[in-house]
Each structure stands twice: as C-alpha cells, then as structure tokens.
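First comes the structure, then the notes that go with it.
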Amino acid sequence: MKDTKTSIIECAFRLFLERGYENTSMSDLVEASGLSKGAVYHHFKDKDALHDAAIEYFFVRFFEPAETAAQPGGEANLEHVINELCAGYERLIAEIATVTPDVNAYYRFIFSILPKVKSVITQQIATARAEIAAAVRQDQEAGRLRSCLLPEVVADQCLALIEGGGLLCLLEGKETVSAVFQRTIPSYLRSLKDIA
C-alpha cells in the first residue's frame with residue numbers, strides 16, 4: 001500500500017500530464033487526491049513543491065548514479081554500466097505505466113519540465129557520459145574493446161541508442177522498451193569488441 005505522500009504525487013503527476021502545469025490549480029490537485037486540503041498541504045506547501053516532487057519521483061530518482069559492483073581494476077565495465085542505465089529507463093517507463101496507460105507521457109512531461117530541470121538533466125547526462133567513457137577506457141585497457149574508438153564517442157552513441165531506442169519504441173508501440181533494449185544493446189556492445 002502506498003503512503004499518502006506518494007499517492008498525492010501520483011495524482012498530481014496524472015493531472016500535470018492531462019492539463020499541464022499551468023492549467024492545474026492546487027484546488028484541482030486537492031480535489032483529485034480525495035484528501036482534505038490540510039492533508040495535502042501537510043506534505044506540500046504549494047503547487048510548485050508538488051511539481052518538484054513529481055519530477056523527482058518520476059524522473060530524477062531513476063537515473064541517480066548506481067552503487068555498482070566494480071570490476072577488478074576499479075570501475076564497472078561497459079556492459080554493466082549500459083545495463084544499469086537501461087534498467088533505470090525501464091523502471092521509469094514501468095512506473096509511469098502504473099499511473100497512466102499513456103507511456104508517451106514521459107516525453108510530454110520531460111519537455112514540459114525541461115526549462116525547470118535542464119541543469120539537473122544536463123548533470124545526469126554528463127555523469128552518465130563520464131561513467132560510460134570510464135568503462136570504455138577500462139575495457140580498452142583490458143583489451144576487451146577496440147582501442148581506436150574514442151571513449152567519449154562511444155558514450156554518446158550509447159546514450160543515443162538508449163534514449164532513441166526508447167523513443168522509437170514508445171512512438172511505434174510495437175514492443176516493450178525492455179524488448180527493444182534486449183534486441184539492440186547486446187549487438188551494439190558486441191560490435192565494439194575487437195575481433196582479431
């Protein structure tokens with residue numbers, strides 16, 4: 001059973017998707033929650049605080065740096081890092097699906113909040129890019145990947161493959177995000193390996 005705060009956040013997220021942030025009032029949020037005004041205000045001082053909580057709950061928490069089991073040599077290998085990023089993306093889409101059947105909501109919401117959270121998203125992308133590039137360097141030094149590839153280029157390709165694969169999947173609606181990742185990611189990672 002979900003706690004009251006989480007229920008309020010999910011309800012607000014649904015309204016923000018349906019009506020947009022600007023067209024949703026705190027009164028609308030209180031009414032849709034089915035709770036008293038005092039109960040909602042006990043958890044959130046205003047609509048902006050509730051919006052911030054929805055952003056954190058539905059986006060930011062899925063892409064926090066993972067506490068990964070490092071491989072011998074210090075850092076996780078490329079396959080592990082990419083699998084963790086894909087798993088975060090899959091958890092995000094699955095969580096959104098519990099609130100609304102319209103999983104395309106991810107893109108509508110992300111673009112609507114972009115001005116507000118651009119610095120957070122930029123930092124998360126930079127962190128993911130650095131983590132991937134470090135894993136590529138480690139795998140190159142260990143001879144598991146072709147050394148002629150620039151780690152930063154591989155990092156950008158991996159990020160584009162994850163986000164692009166997810167977007168195409170959601171737009172086409174033919175298969176799950178997990179199925180798209182299982183079909184594309186392993187073959188891409190194999191293509192990076194040096195076959196002598």
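Identifiers in the structure tokens: chain A, B, ... in order shown; residue index from 1 per chain; ligand index from 1 in order shown.
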Can you list, as a ChimeraX atom specification, every protein, DNA or RNA residue that comes within 10 Å of segment 176-180 of chain A when you count only C-alpha atoms, leaving out same-chain residues fewer than 5 positions away? /A:86-87,89-91,93-94,162,165-170,185
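Residues surrounding Thr98 of chain A within 12 Å are Ser7, Glu10, Cys11, Phe13, Arg14, Phe58, Arg91, Leu92, Ile93, Val103 and Ala105 of chain A [only C-alpha atoms; sequence separation below 5 positions excluded].
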As a check of understanding: the span from atom CA of Met26 of chain A to atom CA of Asp46 of chain A is 7.0 Å
Requested in this report: Extract, using only C-alpha atoms, all DNA, RNA and protein residues at most 10 Å from Ser112 of chain A, discarding same-chain residues fewer than 5 positions from it, and format them as JSON, numbers by chain.
Outcome: {"A": [16, 17, 20, 21, 106, 107, 117]}
Keeping C-alpha atoms for every residue in the selection just given, could you write it to a file as a JSON list (two decimals), in the first residue's frame?
```json
[["chain", "number", "residue", "atom", "x", "y", "z"],
["A", 16, "PHE", "CA", 0.01, 17.66, -14.78],
["A", 17, "LEU", "CA", 0.02, 15.29, -17.76],
["A", 20, "GLY", "CA", -0.39, 20.80, -17.95],
["A", 21, "TYR", "CA", 1.27, 22.51, -15.01],
["A", 106, "TYR", "CA", 7.43, 10.54, -20.34],
["A", 107, "TYR", "CA", 8.31, 12.68, -23.34],
["A", 117, "VAL", "CA", 15.20, 20.95, -14.72]]
```
Q) When DSSP works through the backbone of this structure, what residues of segment 3-120 of chain A end up as helix (DSSP H, G or I), shown as a ChimeraX atom specification? A) /A:4-19,26-33,37-43,47-58,60-63,78-99,105-120
Name the closest residue to Arg137 of chain A among the candidates A:Ile8, A:Ile113, A:Ala76, A:Leu85; distances are taken between atoms, counting only C-alpha atoms.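 Smallest separation from Arg137 of chain A among the options: A:Ala76.
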key: All residues 12 Å or closer to Gly88 of chain A, only C-alpha atoms, same chain fewer than 6 positions away omitted, as a PyMOL selection string   = chain A and resi 58-66+81-82+94-95+128+162-163+166+177-178+181
Can I get the selected residues back with N, CA and C atoms, as a PDB file, in the first residue's frame?
```
ATOM      1  N   PHE A  58       9.274  10.779 -10.546  1.00  0.00           N
ATOM      2  CA  PHE A  58       9.092  10.100 -11.826  1.00  0.00           C
ATOM      3  C   PHE A  58      10.286  10.179 -12.762  1.00  0.00           C
ATOM      4  N   PHE A  59      11.295  10.964 -12.451  1.00  0.00           N
ATOM      5  CA  PHE A  59      12.416  11.064 -13.382  1.00  0.00           C
ATOM      6  C   PHE A  59      13.767  10.979 -12.702  1.00  0.00           C
ATOM      7  N   VAL A  60      14.064  11.910 -11.860  1.00  0.00           N
ATOM      8  CA  VAL A  60      15.408  12.036 -11.324  1.00  0.00           C
ATOM      9  C   VAL A  60      15.869  10.773 -10.606  1.00  0.00           C
ATOM     10  N   ARG A  61      15.037  10.177  -9.789  1.00  0.00           N
ATOM     11  CA  ARG A  61      15.467   9.031  -8.972  1.00  0.00           C
ATOM     12  C   ARG A  61      15.862   7.808  -9.790  1.00  0.00           C
ATOM     13  N   PHE A  62      15.398   7.711 -11.023  1.00  0.00           N
ATOM     14  CA  PHE A  62      15.722   6.542 -11.840  1.00  0.00           C
ATOM     15  C   PHE A  62      17.109   6.621 -12.461  1.00  0.00           C
ATOM     16  N   PHE A  63      17.686   7.792 -12.447  1.00  0.00           N
ATOM     17  CA  PHE A  63      18.967   7.958 -13.112  1.00  0.00           C
ATOM     18  C   PHE A  63      20.061   8.459 -12.181  1.00  0.00           C
ATOM     19  N   GLU A  64      19.849   8.276 -10.894  1.00  0.00           N
ATOM     20  CA  GLU A  64      20.900   8.589  -9.934  1.00  0.00           C
ATOM     21  C   GLU A  64      22.047   7.608 -10.165  1.00  0.00           C
ATOM     22  N   PRO A  65      23.278   8.044  -9.919  1.00  0.00           N
ATOM     23  CA  PRO A  65      24.399   7.112 -10.091  1.00  0.00           C
ATOM     24  C   PRO A  65      24.183   5.866  -9.235  1.00  0.00           C
ATOM     25  N   ALA A  66      24.307   4.736  -9.867  1.00  0.00           N
ATOM     26  CA  ALA A  66      24.070   3.467  -9.169  1.00  0.00           C
ATOM     27  C   ALA A  66      25.295   3.077  -8.370  1.00  0.00           C
ATOM     28  N   VAL A  81      27.604  -0.965 -17.014  1.00  0.00           N
ATOM     29  CA  VAL A  81      27.140   0.423 -16.954  1.00  0.00           C
ATOM     30  C   VAL A  81      25.929   0.620 -17.863  1.00  0.00           C
ATOM     31  N   ILE A  82      26.000   0.119 -19.079  1.00  0.00           N
ATOM     32  CA  ILE A  82      24.885   0.266 -20.027  1.00  0.00           C
ATOM     33  C   ILE A  82      23.656  -0.487 -19.532  1.00  0.00           C
ATOM     34  N   ALA A  94       8.043   1.739 -16.567  1.00  0.00           N
ATOM     35  CA  ALA A  94       7.129   0.876 -15.822  1.00  0.00           C
ATOM     36  C   ALA A  94       6.402   1.658 -14.730  1.00  0.00           C
ATOM     37  N   GLU A  95       7.094   2.557 -14.059  1.00  0.00           N
ATOM     38  CA  GLU A  95       6.472   3.373 -13.013  1.00  0.00           C
ATOM     39  C   GLU A  95       5.426   4.311 -13.607  1.00  0.00           C
ATOM     40  N   ALA A 128      26.405  10.272 -16.608  1.00  0.00           N
ATOM     41  CA  ALA A 128      26.287   9.016 -17.354  1.00  0.00           C
ATOM     42  C   ALA A 128      27.361   8.932 -18.435  1.00  0.00           C
ATOM     43  N   ILE A 162      20.161   4.296 -26.212  1.00  0.00           N
ATOM     44  CA  ILE A 162      19.183   4.067 -25.138  1.00  0.00           C
ATOM     45  C   ILE A 162      17.985   4.997 -25.297  1.00  0.00           C
ATOM     46  N   GLU A 163      18.242   6.289 -25.360  1.00  0.00           N
ATOM     47  CA  GLU A 163      17.127   7.246 -25.443  1.00  0.00           C
ATOM     48  C   GLU A 163      16.396   7.131 -26.773  1.00  0.00           C
ATOM     49  N   GLY A 166      14.342   3.910 -26.842  1.00  0.00           N
ATOM     50  CA  GLY A 166      13.152   4.096 -26.006  1.00  0.00           C
ATOM     51  C   GLY A 166      12.100   4.952 -26.691  1.00  0.00           C
ATOM     52  N   VAL A 177       9.927  -1.489 -24.102  1.00  0.00           N
ATOM     53  CA  VAL A 177      11.254  -0.881 -24.025  1.00  0.00           C
ATOM     54  C   VAL A 177      12.290  -1.960 -23.719  1.00  0.00           C
ATOM     55  N   SER A 178      11.948  -2.860 -22.828  1.00  0.00           N
ATOM     56  CA  SER A 178      12.860  -3.952 -22.478  1.00  0.00           C
ATOM     57  C   SER A 178      13.209  -4.790 -23.707  1.00  0.00           C
ATOM     58  N   PHE A 181      15.610  -2.869 -25.948  1.00  0.00           N
ATOM     59  CA  PHE A 181      16.967  -2.873 -25.391  1.00  0.00           C
ATOM     60  C   PHE A 181      17.622  -4.240 -25.527  1.00  0.00           C
TER      61      PHE A 181
END
```
Q) Closest to Leu15 of chain A among A:Gln157, A:Asn77, A:Asn83, A:Thr100, using only C-alpha atoms? A)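 So, comparing all the options, the nearest one is A:Thr100.
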Applying 12 Å and only C-alpha atoms, which residues near Tyr188 of chain A remain after dropping the ones on its own chain fewer than 5 positions away? List them as a compact mmCIF listing (two decimals) with all heavy atoms, in the first residue's frame.
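Dumped to part.txt:
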```txt
# COMPACT_ATOMS: atom_id res chain seq x y z
N LEU A 78 31.83 -1.68 -19.38
CA LEU A 78 30.86 -1.01 -20.23
C LEU A 78 29.51 -1.72 -20.23
O LEU A 78 28.46 -1.09 -20.08
CB LEU A 78 31.39 -0.89 -21.66
CG LEU A 78 30.44 -0.23 -22.67
CD1 LEU A 78 30.09 1.18 -22.25
CD2 LEU A 78 31.06 -0.25 -24.06
N GLU A 79 29.52 -3.03 -20.37
CA GLU A 79 28.27 -3.77 -20.42
C GLU A 79 27.45 -3.55 -19.14
O GLU A 79 26.24 -3.34 -19.19
CB GLU A 79 28.54 -5.26 -20.64
CG GLU A 79 27.28 -6.07 -20.82
CD GLU A 79 27.58 -7.52 -21.19
OE1 GLU A 79 28.76 -7.89 -21.37
OE2 GLU A 79 26.61 -8.27 -21.28
N ILE A 82 26.00 0.12 -19.08
CA ILE A 82 24.88 0.27 -20.03
C ILE A 82 23.66 -0.49 -19.53
O ILE A 82 22.53 0.02 -19.61
CB ILE A 82 25.30 -0.23 -21.44
CG1 ILE A 82 26.44 0.64 -21.99
CG2 ILE A 82 24.11 -0.23 -22.38
CD1 ILE A 82 26.13 2.12 -22.05
N LEU A 145 37.76 -4.07 -25.76
CA LEU A 145 37.17 -3.22 -26.79
C LEU A 145 38.26 -2.68 -27.69
O LEU A 145 39.41 -2.53 -27.27
CB LEU A 145 36.43 -2.03 -26.16
CG LEU A 145 35.19 -2.30 -25.35
CD1 LEU A 145 34.63 -0.98 -24.82
CD2 LEU A 145 34.13 -3.01 -26.15
N VAL A 154 31.90 6.72 -27.96
CA VAL A 154 31.14 5.53 -27.60
C VAL A 154 30.07 5.90 -26.56
O VAL A 154 28.93 5.44 -26.63
CB VAL A 154 32.06 4.41 -27.07
CG1 VAL A 154 31.25 3.23 -26.55
CG2 VAL A 154 33.03 3.95 -28.15
N GLN A 157 27.21 7.53 -28.30
CA GLN A 157 26.48 6.53 -29.06
C GLN A 157 25.59 5.69 -28.15
O GLN A 157 24.43 5.40 -28.48
CB GLN A 157 27.43 5.63 -29.84
CG GLN A 157 28.13 6.33 -30.98
CD GLN A 157 29.24 5.49 -31.60
OE1 GLN A 157 29.68 4.49 -31.03
NE2 GLN A 157 29.69 5.90 -32.77
N CYS A 158 26.11 5.31 -27.00
CA CYS A 158 25.33 4.50 -26.05
C CYS A 158 24.13 5.28 -25.53
O CYS A 158 23.01 4.75 -25.48
CB CYS A 158 26.21 4.05 -24.89
SG CYS A 158 27.45 2.82 -25.35
N ALA A 160 22.64 7.78 -26.97
CA ALA A 160 21.69 7.96 -28.08
C ALA A 160 20.93 6.67 -28.36
O ALA A 160 19.72 6.71 -28.65
CB ALA A 160 22.44 8.42 -29.34
N LEU A 161 21.59 5.54 -28.26
CA LEU A 161 20.94 4.26 -28.50
C LEU A 161 19.87 3.99 -27.45
O LEU A 161 18.76 3.53 -27.78
CB LEU A 161 21.98 3.14 -28.51
CG LEU A 161 21.49 1.74 -28.87
CD1 LEU A 161 20.89 1.71 -30.27
CD2 LEU A 161 22.65 0.75 -28.79
N ILE A 162 20.16 4.30 -26.21
CA ILE A 162 19.18 4.07 -25.14
C ILE A 162 17.98 5.00 -25.30
O ILE A 162 16.83 4.55 -25.36
CB ILE A 162 19.84 4.24 -23.76
CG1 ILE A 162 20.87 3.14 -23.51
CG2 ILE A 162 18.78 4.25 -22.64
CD1 ILE A 162 21.78 3.39 -22.32
N PHE A 181 15.61 -2.87 -25.95
CA PHE A 181 16.97 -2.87 -25.39
C PHE A 181 17.62 -4.24 -25.53
O PHE A 181 18.79 -4.34 -25.86
CB PHE A 181 16.95 -2.43 -23.92
CG PHE A 181 16.63 -0.97 -23.72
CD1 PHE A 181 16.19 -0.53 -22.49
CD2 PHE A 181 16.78 -0.04 -24.74
CE1 PHE A 181 15.91 0.81 -22.27
CE2 PHE A 181 16.49 1.30 -24.54
CZ PHE A 181 16.05 1.73 -23.30
N GLN A 182 16.88 -5.31 -25.30
CA GLN A 182 17.44 -6.65 -25.43
C GLN A 182 17.83 -6.96 -26.86
O GLN A 182 18.77 -7.71 -27.12
CB GLN A 182 16.45 -7.69 -24.90
CG GLN A 182 16.30 -7.65 -23.40
CD GLN A 182 15.19 -8.56 -22.91
OE1 GLN A 182 14.64 -9.37 -23.65
NE2 GLN A 182 14.83 -8.41 -21.64
N ARG A 183 17.11 -6.38 -27.81
CA ARG A 183 17.40 -6.62 -29.22
C ARG A 183 18.56 -5.77 -29.72
O ARG A 183 19.35 -6.20 -30.55
CB ARG A 183 16.13 -6.32 -30.05
CG ARG A 183 16.28 -6.58 -31.53
CD ARG A 183 14.96 -6.46 -32.28
NE ARG A 183 14.12 -5.32 -31.96
CZ ARG A 183 14.33 -4.07 -32.41
NH1 ARG A 183 15.35 -3.81 -33.18
NH2 ARG A 183 13.52 -3.09 -32.06
N LYS A 193 33.57 -4.83 -29.72
CA LYS A 193 34.66 -5.72 -29.33
C LYS A 193 35.61 -5.96 -30.49
O LYS A 193 35.19 -6.08 -31.64
CB LYS A 193 34.12 -7.04 -28.78
CG LYS A 193 33.39 -6.83 -27.49
CD LYS A 193 32.92 -8.11 -26.90
CE LYS A 193 32.22 -7.78 -25.59
NZ LYS A 193 31.68 -8.93 -24.95
```
Nearest candidate to Arg146 of chain A (options A:Arg129, A:Lys118, A:Lys45, A:Arg190; using only C-alpha atoms)
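Ranked by minimum distance to Arg146 of chain A, first place goes to A:Arg190.
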>> Could you tell me how far atom CA of His80 of chain A sits from atom CA of Arg144 of chain A, in Å to one decimal place?
In response: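 The value is 13.4 Å.
Taking atom CA of His42 of chain A and atom CA of Ile9 of chain A as endpoints, the distance between them is 13.0 Å.
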Could you list, as a CSV table (one decimal) with C-alpha atoms, in the first residue's frame, every residue within 10 Å of Val30 of chain A, counting only C-alpha atoms and ignoring same-chain residues fewer than 3 positions away?
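Resulting contents of result.csv:
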```csv
chain,number,residue,atom,x,y,z
A,8,ILE,CA,-0.6,12.7,-3.8
A,11,CYS,CA,-2.3,12.0,-8.6
A,12,ALA,CA,-0.5,15.3,-9.3
A,25,SER,CA,-4.5,24.6,-9.7
A,26,MET,CA,-3.7,23.5,-6.1
A,27,SER,CA,-7.5,23.2,-5.6
A,33,SER,CA,-6.4,13.5,-4.4
A,34,GLY,CA,-9.6,12.8,-2.5
A,35,LEU,CA,-7.9,14.1,0.6
A,36,SER,CA,-8.5,17.2,2.7
A,37,LYS,CA,-6.8,20.5,1.9
A,38,GLY,CA,-4.9,20.2,5.2
A,39,ALA,CA,-3.7,16.7,4.3
A,40,VAL,CA,-2.3,17.8,1.0
A,41,TYR,CA,-0.7,21.0,2.4
```
